[in-house]
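Inspection log for the structure reproduced underneath, given as structure tokens.
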Amino acid sequence: MNAALTRITNKAWWARTGKTLKYSLYTITHPFDGFWDLTHEKRGSIAAANILTLLLVFTKIWLVLSPAMWVNLQYFNVFIYIAQTIVPLALWSISNWAITTLLDGKGRLKEIYMATAYAFTPTILMNIVVMIISPVLINTEWALVPFFLNLGRVWSVGLVLAAMMMLHDYSLSKTILSSIITIVGIGVILFVFGIFFSLISDGLAYIVSLYKEIVFRLT
Amino acid sequence: MARCKKMISIVFFTVLILLFISTGNSIALAKTSNYTYNYDVYGEAVSSPNAYRVSAYLLGTNFDIGAFRDPQGLYVRGNKLYVCDSGNNRIVIITVGDDGSYSISDIITQVTIENAESALNYPMDVFEDNNGDLYIADTNNQRILRLDKDKNFIMELSKPVNETFSETAEFLPTKLVVDKAGRIFVQARNVNKGLMEFDPQGDFAGYMGANRVKVNPIDLFWKNIASRKQRAAMELFVPTEYNNVCIDDRGFIYATNTSSTTDSVRRLNAQGDDILVRNGIEDPVGDLIKGTSSSIEASKFIDVAALENDSYVCFDRTRGRLFVYDSQGNLLYAFGGVGNREGSFLIPVAIEAMGCSLFALDSRTGAVTRFDLTEYGTIINDALTEYKRGHYDESAKKWEEVLKLNGNYDMAYIGIGRSALRTGDYATAMKCFRVKGDFANWSKAFQQYRKLWMEENLRWILLILGALIIGSPLVRGMRKLIKEVREA
């Protein structure tokens, strides 16, 4: 707690975070140099990565809430949108870390998270672009919106690949292979998670029914 | 400290898990406690004031002719109401007075053909053309009878001798309509090639307007790899037969079918093409069913009746509800239900319109229920009529009255929006379409609004742009100058 306080009041920390945050704009146009220097030259920071993740969540929610997007907000649940961003990011980082540790990857968990978060900068930018243009578009011009959103997504996926390549010091084919295994790994994690959850809920249900039975007998 | 962190993470993950679970729910079928309802832009049922109320409940016993038994058909011409009392092999003609009185004007049980009495056998439908000639679908006698206005026999249509009609098959006409040219369109049982068309002389002319077959690609795949024997056991990809027809005053034929794989209501032109306008948020299918629960049956339209201002009412057999759609396919209101109460039905079979009144026939109770417009329904009707005539201001005024009675009525917003769009009040139009979530119409309004805004503010935009273009080198030059002066 104390450490966090001193960090917030520390000017040098702010300056460094600002600088590392600004570096994300460099990485999106210079993926190979950018992501190499991100970890090897320590030009990125976890704080900046956290801010980028938050921005990703915020722009996404903002876009959905914007009346210009004509989204049905009747069952809007902000937690879903938060989870939709954070959970895949966390799963990717953990799964990728687990896989690349076995495949001679150089990156650490923190660095994988940082690089992935940086790679999503184009998505944030395109969300902002759509936010600006969508209020003045009519239905015949609406095709621009999915175009920009998909552009951001494709760009980001490319950057993730570049980032993993530089981070783990992989060849392109190995990066693609490790990414595919990572996605399979995410599936395995979710599966285990599901089994674990159903086991826990069954166990709880057993205890609850046992309790009910006892209460019935005693009263 | 560490324990605290652990606790927080446990709580966080629990919340996360709960979130995942809670997204799995689905609302199976929108329910309202109200008799009359409508669907909003999100497909949710919204209660609404009653547009129709029950004004009469006619039983056979009211007229001392014995209860109707298994009546199957209903027809209205002028102020005469024809009830096909199929189980009693008769057709009852009831005259409806302006004062709400009902009296039997005739009962047809038999016709005289060449001096021989020939009794009706389970007549299922009847039609009266403009000359007053009567057409009776005498179903179990496998014939269609044409009588003149004094109930004298003119001609008889029987099973067509044609290679498209199997010699062994029975000809069981169930529903029929006659257009202005005297062509007779018949729906016969087990005929799925469309409506059977007979020319005015009574000769079979062919089929028209068959339902389209929609094939599920997965089924097609299995059918392709199946053996001949397996294929024989599979369901055939054939069009479904119609179950009811009705003709509007412009000569277009409305037809319904109970299939879930094709459009449940169609409007056919003379060539048999479907020309029903489906501009609503949802197609006219009755109740909107959300989710994938198989226990909830889709609405099955058993009959359709054309109303004024090109709107039409569909009768749902599944839940005994009446769905009224306007000419664009927007749901105006839905009401009714299954039950023994007044305004509910047990086995709905037919619906007919007499002016603005609706007559609905229930074959189990053998009762005809008459519905009349309430004030609310009248205003909606007026608004539609005014719009159709091109009186957009009057229409908007009517819609505003509707909104006073029912603030949830989406059609009113779109109605006001449409007339505002026509009169050039784009801001209001945008506001109304926004409320309804009508992006296409909003775009029309916004396009004009945008254009006007640009025309008005273009000089300011150009001024600012010009100032920036000229100004920025100026500022830069000034700065340079100041710098030089300081350094000097």
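Lettering and numbering for the structure tokens are positional, with chains as A, B, ... in the shown order, residues counted from 1 in each chain, and ligands counted from 1 in the shown order.
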
Practice problem: Would you list the contacts of range 72-87 of chain B as a PyMOL selection string, taking every protein, DNA or RNA residue within 6 Å and counting only C-alpha atoms, but skipping same-chain residues closer than 6 positions in sequence? | Solution: chain B and resi 93-96+122-125+350

For the residues in the current selection, export N, CA and C atoms as a short mmCIF file (atom, residue, chain, number, x, y, z; two decimals), in the first residue's frame.
```cif
data_model
loop_
_atom_site.label_atom_id
_atom_site.label_comp_id
_atom_site.auth_asym_id
_atom_site.auth_seq_id
_atom_site.Cartn_x
_atom_site.Cartn_y
_atom_site.Cartn_z
N ILE B 93 -76.71 -18.69 -42.55
CA ILE B 93 -76.46 -17.31 -42.95
C ILE B 93 -77.12 -16.38 -41.94
N ILE B 94 -76.29 -15.58 -41.29
CA ILE B 94 -76.77 -14.70 -40.23
C ILE B 94 -76.68 -13.26 -40.74
N THR B 95 -77.75 -12.51 -40.60
CA THR B 95 -77.72 -11.10 -40.96
C THR B 95 -77.38 -10.28 -39.72
N VAL B 96 -76.37 -9.45 -39.87
CA VAL B 96 -75.92 -8.64 -38.75
C VAL B 96 -76.50 -7.24 -38.93
N TYR B 122 -70.49 -32.13 -44.86
CA TYR B 122 -69.34 -31.49 -44.23
C TYR B 122 -68.80 -30.33 -45.08
N PRO B 123 -69.61 -29.32 -45.35
CA PRO B 123 -69.10 -28.16 -46.10
C PRO B 123 -68.12 -27.38 -45.23
N MET B 124 -66.97 -27.07 -45.80
CA MET B 124 -65.93 -26.41 -44.98
C MET B 124 -65.72 -24.95 -45.32
N ASP B 125 -66.18 -24.50 -46.48
CA ASP B 125 -65.99 -23.08 -46.77
C ASP B 125 -67.05 -22.62 -47.74
N ALA B 350 -61.24 -20.05 -37.82
CA ALA B 350 -61.44 -19.09 -38.90
C ALA B 350 -61.62 -17.68 -38.34
#
```

Set the cut-off to 8 Å and count only C-alpha atoms: what are the residues of chain B that reach chain A? Output as a PDB file with C-alpha atoms, in the first residue's frame.
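For reference, result.pdb as written:
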```pdb
ATOM      1  CA  LEU B  16     -16.120 -14.172 -12.820  1.00  0.00           C
ATOM      2  CA  LEU B  19     -20.815 -14.063 -14.678  1.00  0.00           C
ATOM      3  CA  TYR B  42     -36.010  -5.589 -29.028  1.00  0.00           C
ATOM      4  CA  GLY B 437     -34.152   2.042 -33.012  1.00  0.00           C
ATOM      5  CA  PHE B 439     -31.645   2.905 -38.183  1.00  0.00           C
ATOM      6  CA  ALA B 440     -32.733   2.894 -41.841  1.00  0.00           C
ATOM      7  CA  TRP B 442     -33.100   7.567 -38.998  1.00  0.00           C
ATOM      8  CA  SER B 443     -30.453   7.560 -41.696  1.00  0.00           C
ATOM      9  CA  LYS B 444     -32.879   9.144 -44.155  1.00  0.00           C
ATOM     10  CA  PHE B 446     -30.005  12.354 -40.613  1.00  0.00           C
ATOM     11  CA  GLN B 447     -28.768  12.544 -44.203  1.00  0.00           C
ATOM     12  CA  ARG B 450     -26.432  16.625 -42.017  1.00  0.00           C
TER      13      ARG B 450
END
```

Find the residues around Arg43 in chain A up to 12 Å (only C-alpha atoms counted), leave out those fewer than 5 positions away in its own chain, and share them as a PDB file with N, CA and C atoms, in the first residue's frame.
```pdb
ATOM      1  N   ARG A  16       8.376   7.955 -16.556  1.00  0.00           N
ATOM      2  CA  ARG A  16       8.747   6.695 -17.202  1.00  0.00           C
ATOM      3  C   ARG A  16       7.506   6.000 -17.782  1.00  0.00           C
ATOM      4  N   THR A  17       6.411   6.037 -17.017  1.00  0.00           N
ATOM      5  CA  THR A  17       5.182   5.406 -17.510  1.00  0.00           C
ATOM      6  C   THR A  17       4.700   6.098 -18.775  1.00  0.00           C
ATOM      7  N   GLY A  18       4.766   7.417 -18.744  1.00  0.00           N
ATOM      8  CA  GLY A  18       4.352   8.174 -19.921  1.00  0.00           C
ATOM      9  C   GLY A  18       5.189   7.820 -21.133  1.00  0.00           C
ATOM     10  N   LYS A  19       6.491   7.730 -20.892  1.00  0.00           N
ATOM     11  CA  LYS A  19       7.422   7.431 -21.987  1.00  0.00           C
ATOM     12  C   LYS A  19       7.157   6.028 -22.542  1.00  0.00           C
ATOM     13  N   THR A  20       6.972   5.073 -21.639  1.00  0.00           N
ATOM     14  CA  THR A  20       6.746   3.696 -22.089  1.00  0.00           C
ATOM     15  C   THR A  20       5.392   3.568 -22.779  1.00  0.00           C
ATOM     16  N   LEU A  21       4.434   4.373 -22.325  1.00  0.00           N
ATOM     17  CA  LEU A  21       3.111   4.338 -22.952  1.00  0.00           C
ATOM     18  C   LEU A  21       3.196   4.879 -24.376  1.00  0.00           C
ATOM     19  N   LYS A  22       3.942   5.954 -24.516  1.00  0.00           N
ATOM     20  CA  LYS A  22       4.115   6.562 -25.830  1.00  0.00           C
ATOM     21  C   LYS A  22       4.827   5.598 -26.775  1.00  0.00           C
ATOM     22  N   TYR A  23       5.644   4.725 -26.194  1.00  0.00           N
ATOM     23  CA  TYR A  23       6.400   3.767 -26.998  1.00  0.00           C
ATOM     24  C   TYR A  23       5.475   2.797 -27.743  1.00  0.00           C
ATOM     25  N   SER A  24       4.257   2.603 -27.215  1.00  0.00           N
ATOM     26  CA  SER A  24       3.307   1.693 -27.867  1.00  0.00           C
ATOM     27  C   SER A  24       3.001   2.167 -29.281  1.00  0.00           C
ATOM     28  N   TYR A  26       5.098   3.554 -31.225  1.00  0.00           N
ATOM     29  CA  TYR A  26       6.240   3.190 -32.059  1.00  0.00           C
ATOM     30  C   TYR A  26       6.136   1.716 -32.453  1.00  0.00           C
ATOM     31  N   THR A  27       5.723   0.879 -31.507  1.00  0.00           N
ATOM     32  CA  THR A  27       5.690  -0.557 -31.783  1.00  0.00           C
ATOM     33  C   THR A  27       4.692  -0.916 -32.878  1.00  0.00           C
ATOM     34  N   ASP A  33      11.526  -4.195 -34.629  1.00  0.00           N
ATOM     35  CA  ASP A  33      12.398  -3.379 -33.776  1.00  0.00           C
ATOM     36  C   ASP A  33      11.715  -3.083 -32.461  1.00  0.00           C
ATOM     37  N   GLY A  34      10.458  -2.654 -32.604  1.00  0.00           N
ATOM     38  CA  GLY A  34       9.707  -2.171 -31.447  1.00  0.00           C
ATOM     39  C   GLY A  34       9.584  -3.223 -30.368  1.00  0.00           C
ATOM     40  N   PHE A  35       9.177  -4.436 -30.746  1.00  0.00           N
ATOM     41  CA  PHE A  35       8.969  -5.453 -29.720  1.00  0.00           C
ATOM     42  C   PHE A  35      10.286  -6.054 -29.238  1.00  0.00           C
ATOM     43  N   TRP A  36      11.325  -5.970 -30.073  1.00  0.00           N
ATOM     44  CA  TRP A  36      12.642  -6.419 -29.590  1.00  0.00           C
ATOM     45  C   TRP A  36      13.108  -5.507 -28.468  1.00  0.00           C
ATOM     46  N   ASP A  37      13.012  -4.188 -28.749  1.00  0.00           N
ATOM     47  CA  ASP A  37      13.483  -3.222 -27.755  1.00  0.00           C
ATOM     48  C   ASP A  37      12.571  -3.169 -26.536  1.00  0.00           C
ATOM     49  N   LEU A  38      11.305  -3.532 -26.739  1.00  0.00           N
ATOM     50  CA  LEU A  38      10.324  -3.450 -25.655  1.00  0.00           C
ATOM     51  C   LEU A  38      10.827  -4.173 -24.410  1.00  0.00           C
ATOM     52  N   ALA A  48       2.442   0.685 -18.085  1.00  0.00           N
ATOM     53  CA  ALA A  48       1.895   1.118 -19.373  1.00  0.00           C
ATOM     54  C   ALA A  48       1.011   0.022 -19.958  1.00  0.00           C
ATOM     55  N   ALA A  49       1.444  -1.246 -19.809  1.00  0.00           N
ATOM     56  CA  ALA A  49       0.646  -2.365 -20.314  1.00  0.00           C
ATOM     57  C   ALA A  49      -0.707  -2.407 -19.620  1.00  0.00           C
ATOM     58  N   GLU A 111       6.545 -10.425 -19.190  1.00  0.00           N
ATOM     59  CA  GLU A 111       6.891  -9.849 -20.491  1.00  0.00           C
ATOM     60  C   GLU A 111       5.867 -10.240 -21.559  1.00  0.00           C
ATOM     61  N   MET A 114       2.958  -8.057 -21.087  1.00  0.00           N
ATOM     62  CA  MET A 114       3.275  -6.694 -21.506  1.00  0.00           C
ATOM     63  C   MET A 114       3.242  -6.581 -23.032  1.00  0.00           C
ATOM     64  N   ALA A 115       3.913  -7.522 -23.699  1.00  0.00           N
ATOM     65  CA  ALA A 115       3.996  -7.461 -25.163  1.00  0.00           C
ATOM     66  C   ALA A 115       2.606  -7.616 -25.787  1.00  0.00           C
ATOM     67  N   TYR A 118       0.672  -4.436 -25.391  1.00  0.00           N
ATOM     68  CA  TYR A 118       1.164  -3.427 -26.345  1.00  0.00           C
ATOM     69  C   TYR A 118       0.644  -3.711 -27.742  1.00  0.00           C
TER      70      TYR A 118
END
```

Practice problem: Quote the spacing between CA of Ile91 in chain B and CA of Ile108 in chain B in Å to one decimal place. | Solution: 5.0 Å

Close residues, range 126-134 of chain A itself excluded, 8 Å, only C-alpha atoms, min 3 positions apart in chain, as a PDB file with C-alpha atoms, in the first residue's frame:
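Writing done, so here's out29.pdb:
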```
ATOM      1  CA  THR A  59     -12.910   2.067 -25.457  1.00  0.00           C
ATOM      2  CA  LYS A  60     -14.828  -1.142 -26.036  1.00  0.00           C
ATOM      3  CA  LEU A  63     -18.215   2.156 -28.093  1.00  0.00           C
ATOM      4  CA  SER A  66     -22.339   5.200 -27.627  1.00  0.00           C
ATOM      5  CA  ALA A  68     -24.262   6.120 -32.483  1.00  0.00           C
ATOM      6  CA  MET A  69     -23.596   2.376 -32.441  1.00  0.00           C
ATOM      7  CA  PRO A 122      -4.190  -0.658 -32.917  1.00  0.00           C
ATOM      8  CA  THR A 123      -7.479  -2.052 -31.625  1.00  0.00           C
ATOM      9  CA  LEU A 137     -22.519   7.977 -40.584  1.00  0.00           C
ATOM     10  CA  TRP A 142     -21.982   2.092 -42.202  1.00  0.00           C
ATOM     11  CA  VAL A 145     -17.379   0.850 -39.058  1.00  0.00           C
ATOM     12  CA  PHE A 148     -12.057  -0.024 -39.156  1.00  0.00           C
ATOM     13  CA  LEU A 149     -12.843  -2.417 -36.322  1.00  0.00           C
ATOM     14  CA  LEU A 151      -8.570  -3.494 -39.473  1.00  0.00           C
ATOM     15  CA  GLY A 152      -7.669  -2.902 -35.831  1.00  0.00           C
TER      16      GLY A 152
END
```

Exercise. Would you list, as a ChimeraX atom specification, the residues of range 87-203 of chain A that end up in alpha helix (DSSP H) under DSSP run on this structure's backbone?
Key: /A:87-102,109-119,121-133,144-168,172-203

Self-check item: DSSP strand (DSSP E) residues within range 340-375 of chain B, listed as a ChimeraX atom specification
Solution: /B:348-354,357-362,367-373

Quiz item: What's the 6 Å shell around Arg266 in chain B, counting only C-alpha atoms, without same-chain residues fewer than 4 positions away, as number ranges by chain?
Solution: B: 254-255, 274, 276

How would the residues just chosen look if you wrote them out with C-alpha atoms as a PDB file, in the first residue's frame?
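The resulting again39.pdb:
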```
ATOM      1  CA  TYR B 254     -53.705 -14.060 -48.665  1.00  0.00           C
ATOM      2  CA  ALA B 255     -52.788 -17.629 -47.803  1.00  0.00           C
ATOM      3  CA  ASP B 274     -45.571 -13.710 -52.898  1.00  0.00           C
ATOM      4  CA  LEU B 276     -46.360  -9.573 -48.945  1.00  0.00           C
TER       5      LEU B 276
END
```

Self-check item: Polymer residues at most 10 Å from Glu308 in chain B, only C-alpha atoms, same-chain spacing of 6 or more positions, as a PyMOL selection string
Solution: chain B and resi 248-249+326-327+353-356+381+384-385
